[in-house]
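Novice: To start, I am sharing the structure in question, which I have written as structure tokens.
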Amino acid sequence: MPDQVEESSFSTRDTPAPLVDLAKITTRPSNRRRFLAQASALATFLAGCMRSKPEHEHEHEHGDTTSSGKVAEHSPQNPDSRTDTTLRHAMPTSSGTASTRGGGNIAFHRFDPVLPPVSSSRTTRLHFTAREVPIRVREDTVVAAWTFEGDIPGPIVHVRQGDTVEFTLTNAGSIPHSMDFHAAQLDPKVAFRSVLPGRSLSFTYKPKYSGAFLYHCGTAPVLMHMGSGMFGALIVDPPTPLRRAKEFVLVQNEFYLGPPHDGVAPFDYTKMLATLPDLFAFNGRPGQYQTAPIHVKRGDLVRFYVVNAGPTHPCAFHVVGEQFDTVYLGAPPGNAIHGVQTFEVTAGGGMIFEMQADIPGEFVFVNHAFGHGQKGAIGVLVVEE
Amino acid sequence: MPDQVEESSFSTRDTPAPLVDLAKITTRPSNRRRFLAQASALATFLAGCMRSKPEHEHEHEHGDTTSSGKVAEHSPQNPDSRTDTTLRHAMPTSSGTASTRGGGNIAFHRFDPVLPPVSSSRTTRLHFTAREVPIRVREDTVVAAWTFEGDIPGPIVHVRQGDTVEFTLTNAGSIPHSMDFHAAQLDPKVAFRSVLPGRSLSFTYKPKYSGAFLYHCGTAPVLMHMGSGMFGALIVDPPTPLRRAKEFVLVQNEFYLGPPHDGVAPFDYTKMLATLPDLFAFNGRPGQYQTAPIHVKRGDLVRFYVVNAGPTHPCAFHVVGEQFDTVYLGAPPGNAIHGVQTFEVTAGGGMIFEMQADIPGEFVFVNHAFGHGQKGAIGVLVVEE
Amino acid sequence: MPDQVEESSFSTRDTPAPLVDLAKITTRPSNRRRFLAQASALATFLAGCMRSKPEHEHEHEHGDTTSSGKVAEHSPQNPDSRTDTTLRHAMPTSSGTASTRGGGNIAFHRFDPVLPPVSSSRTTRLHFTAREVPIRVREDTVVAAWTFEGDIPGPIVHVRQGDTVEFTLTNAGSIPHSMDFHAAQLDPKVAFRSVLPGRSLSFTYKPKYSGAFLYHCGTAPVLMHMGSGMFGALIVDPPTPLRRAKEFVLVQNEFYLGPPHDGVAPFDYTKMLATLPDLFAFNGRPGQYQTAPIHVKRGDLVRFYVVNAGPTHPCAFHVVGEQFDTVYLGAPPGNAIHGVQTFEVTAGGGMIFEMQADIPGEFVFVNHAFGHGQKGAIGVLVVEE
């Protein structure tokens, strides 16, 4: 039974999520660009509604904050975990914070997609720190990221079904953050509640099912926290391990970026609401595995754990020149289909894709929704002779 | 054998659906905003193409009607059911009608998501009335709805596989409407054809498969009628009922709203074509089950019948802090996968999600495509101790 | 073992796909239309980044080519097959070429959806020619198409699992093209590499799995080549054929069109990146099977092979008035679910849908994501008494 939650926190009244104020957005002039203007206005108001009056320490961070009293009446809250500690904090509409400034000296590094070995212990202790840091996601792009452990995605975690996961989140950022494990069965109001800056929260659980699970920050608005980099993958092996394979984890996400300040492009909540991304990536860097491919050998069974952090669009996963012998739609080793060219992993979901690497060569793996894949959800698997 | 259709109607020639006139939309100036201007022009022309010359009684309702002779040549028709009674009526591009005016005194009510018990009789008689009425979908928003039985969604219907459904539609609205049951096997040209204002149509069928089925108005353009509120869920039990559970029906839909007139925001066909929704909801009210959650008790098996009315976007259904023990991709009790964090219900589809409520707490259920979920497809399941 | 590749070609260094230059797109003024302006700028820059300096023989074909030195640094390449022969060619952002000019005298023809019989020989020899030609896709619309064998989609191919497919591509176009068969297991860097104008390439493979497979051009940017019409379906029968049926192939695609020149509307790469299509179609012509339906007889088993060429959006396949007795999610005859109203075929994927035509009538088949279906992914199946 998942169970222990320890921390020092407090509780205030929940408030329903503020949505768009239609009375305001619908007074635009009616002409041929009306729907575009309204879409724009909608996004602006949605952003505004999500934003409370900034506290003193934040008020210079968000230059385009509106001063509408009506907007300020809407208190931000946490629609995912219903944790309401965020009531006391400003709701930023851009991920730029004091700690994400100055991107010039940030180095690029490739995110290692290899699934780490499962621990020999039946208890996995994790201590993640939430940090707001600049990350170079491409040679020419540094983003103002909200992270677990300083990277996008957060660490790949590998456990077994029924193992005990003892987790602690420490918030070293400037706004509330939290943790929502899709592999956990826990009361989210308690375990996944927001943690104030400088505070910590611990909880413990035992994954009930095997599979490729997303974890993410669930602090309101969830779209903003997930969309700014706070996600990762937790892989749960079944009691009888799957057949030995070369195993890789690919977490897809979308990038919605605003104008850079001091060399750092913040994530932009208004664009997230508009759902038309600038870039996509596997493991946080658009196209990183084109430049530095993943390598296996002929004869290897290759297993991809594909987790889709979204926040919004699906991933139509495909390997050029190959088919998937098995795709697990649910918990492995059951719930499998066979002989599949492409299958979709929905936002907030995860699936496992297996292929026998019979043929040497360079195989592109891609989100075959090409208007998305072309923006960076693409890489290369090299099968060596 | 599904079978009887009774009414008094008439037949005219089918006409292919008018689509966009590219010769017109592509003469815009070429500059950096060209694609946006074209998108706008496209939507405007699409709307225009769908619109025939208004009849006298309607001509003051649609202020921005173009007077293009070419556009008027295109007669509206019903691409879904190929019923063409709409030929004699104007095609509105906004859902506002005489009967939807004046939203000030409309009260908000929560839509009860509880699956009603199945009838003890093996014949279910339904008489739905199509009505155009204002509905308060949020504290601050009244919409000009097209409905079955005066609400969004229409009534939840619960029958058994092989039962007889005797259905009558009476059109109390001002334009043609119709009914398309996804659970029926019937000639849609006959049974699902449009019913003129003041007329009725009856048909009878026996659901061949169990499952969570959408029903909706199929009058052209289907996008406009579905997008303005004419949909609901029909739940069909298998011959051997599924295990006893607390059962709930969630119908997801998108809102595309225009400027309010007299306090009522009409649904906007141009925005529906642009496919960038303002709001989402389960059962017609954005976020209603955050304010007034769904309650079950620890130990209950919880079964969600998730039906996606769209009109366009999928629903990545997820419960925070839980996993689905079973998701039925097809007719239950077969076609099941197990151990699932999130699964997608496509537009026009329905799936059944089961979870054992082992742990007390407040569990958010959400469309985990968060750019959509954040706009209102979100609620709370309270598991009481 | 798939195997022989013959041709005369060459190799240069791979270069990662150029994506968007954020430093440039993020300097727009910040105001209420900022996100729209940025979306526009993004698309423009994405297009610009994909475009290298035109060679002399091409430079008059692309009127809006920018002369940015930075942009020109990015060499185009092939992110799908990693074939880089395109390095030596300009990257057009519109499909209009010399050979696609003049649409006035192009006749419309319906694309026959009937699955051709499988060959009695166990070896299928295919010789496709890549051609850039104008095609009338509607009465009022001629598009500048990039094609296999002069049509959208390319020819329907029908083979058996384990048959030998001997394929030759000859490029009769003005820019590089290539072929990527989803049913093949081959090193894409070799077999699926780009073929220069006037050259040919041959390869041989044996499909490992049965199913409904997409084929498409994989030359960079893949989005542009797939989006301009270079795709088709290859149907692979299982060793024991499926039950006798009336079999039809439906390939869904999206249209993103620019302003017509000389009566021909080119496909527009900038709009493809914006992912908001103008039109949809089954088999290349929006709504063609509404005008000229598909016919079967009462008692027939009807089998639809639905292949989604995208490039981006899913197809929520549905038949009005019917349910699917079987949908094959993977290779038939296994991997089946039953009793399904609507199921989604992802971009780059294919599925098989079966229904028993018990009832005579006119049954609309449609992409039930109606904001898409309403734009042309719709047709009629007539079940004759």
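Starting from 1 in every chain, residues are counted up; chains themselves are A, B, ... following the order of the structure tokens, and ligands are numbered from 1 as listed.
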Please return as an MDAnalysis selection string: the residues of segment 204-236 of chain B that backbone DSSP assigns to strand (DSSP E or B).

Specialist: chainID B and resid 204:205 211:216 231:236

Novice: Which neighbours of Asp358 of chain B fall inside 10 Å, counting only C-alpha atoms, when residues of the same chain fewer than 3 positions from it are skipped, and could you give them as a VMD selection string?

Specialist: (chain A and resid 1 185 to 186) or (chain B and resid 297 to 301 322 355 361 383 385)

Novice: Per residue of chain C within 6 Å of chain B, note the shortest atom pair and the distance in Å to one decimal, counting only C-alpha atoms, and order the rows by chain and increasing residue number, as a Markdown table.

Specialist:
```
| residue | atom | partner | partner_atom | distance |
| --- | --- | --- | --- | --- |
| C:Ser40 | CA | B:Arg33 | CA | 5.9 |
| C:Pro259 | CA | B:Thr26 | CA | 4.0 |
| C:Gln290 | CA | B:Pro16 | CA | 6.0 |
| C:Thr291 | CA | B:Pro16 | CA | 5.8 |
| C:Gly321 | CA | B:Gln185 | CA | 5.0 |
| C:Glu322 | CA | B:Gln185 | CA | 4.9 |
| C:Ile337 | CA | B:Asn335 | CA | 5.5 |
| C:His338 | CA | B:Gly330 | CA | 5.4 |
| C:Gly339 | CA | B:Ala331 | CA | 4.9 |
| C:Val340 | CA | B:Gly330 | CA | 5.2 |
| C:Thr342 | CA | B:Gly349 | CA | 5.0 |
| C:Gly361 | CA | B:Asp187 | CA | 4.7 |
| C:Glu362 | CA | B:Lys189 | CA | 5.8 |
| C:Val364 | CA | B:Asp80 | CA | 5.7 |
| C:His368 | CA | B:Gly348 | CA | 5.3 |
| C:Ala369 | CA | B:Thr312 | CA | 4.0 |
| C:Phe370 | CA | B:Pro311 | CA | 5.3 |
| C:Gly371 | CA | B:Thr312 | CA | 5.2 |
```

Novice: When you look at Gly154 of chain C with a cut-off of 12 Å (counting only C-alpha atoms), what residues show up, excluding the ones that are within fewer than 6 positions of it in the same chain? I need them as a ChimeraX atom specification.

Specialist: /C:111-113,126-131,145-148,179,214-217,226,228-234,249-251,283-284,309

Novice: Check segment 182-284 of chain A with DSSP on the backbone and list each residue it calls helix (DSSP H, G or I), as a list of chain:residue names.

Specialist: A:Pro188, A:Lys189, A:Val190, A:Ala191, A:Val222, A:Leu223, A:Met224, A:His225, A:Met226, A:Gly227, A:Tyr269, A:Thr270, A:Lys271, A:Met272, A:Leu273, A:Ala274

Novice: What does the structure give for the distance between atom CA of Arg101 of chain C and atom CA of Leu257 of chain C, in Å to one decimal?

Specialist: 15.0 Å

Novice: What does the structure give for the distance between atom CA of Ser94 of chain A and atom CA of Tyr289 of chain B, in Å to one decimal?

Specialist: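 Calculated distance between atom CA of Ser94 of chain A and atom CA of Tyr289 of chain B is 28.4 Å.
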
Novice: In Å to one decimal, how far is atom CA of Phe280 of chain C from atom CA of Phe255 of chain C?

Specialist: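 Distance between the two atoms: 6.0 Å.
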
Novice: Quick one: residues within 6 Å of segment 160-167 of chain C, only C-alpha atoms counted, chain neighbours fewer than 6 positions away excluded, as a PyMOL selection string?

Specialist: chain C and resi 122-127+202-207+209-210+236-238
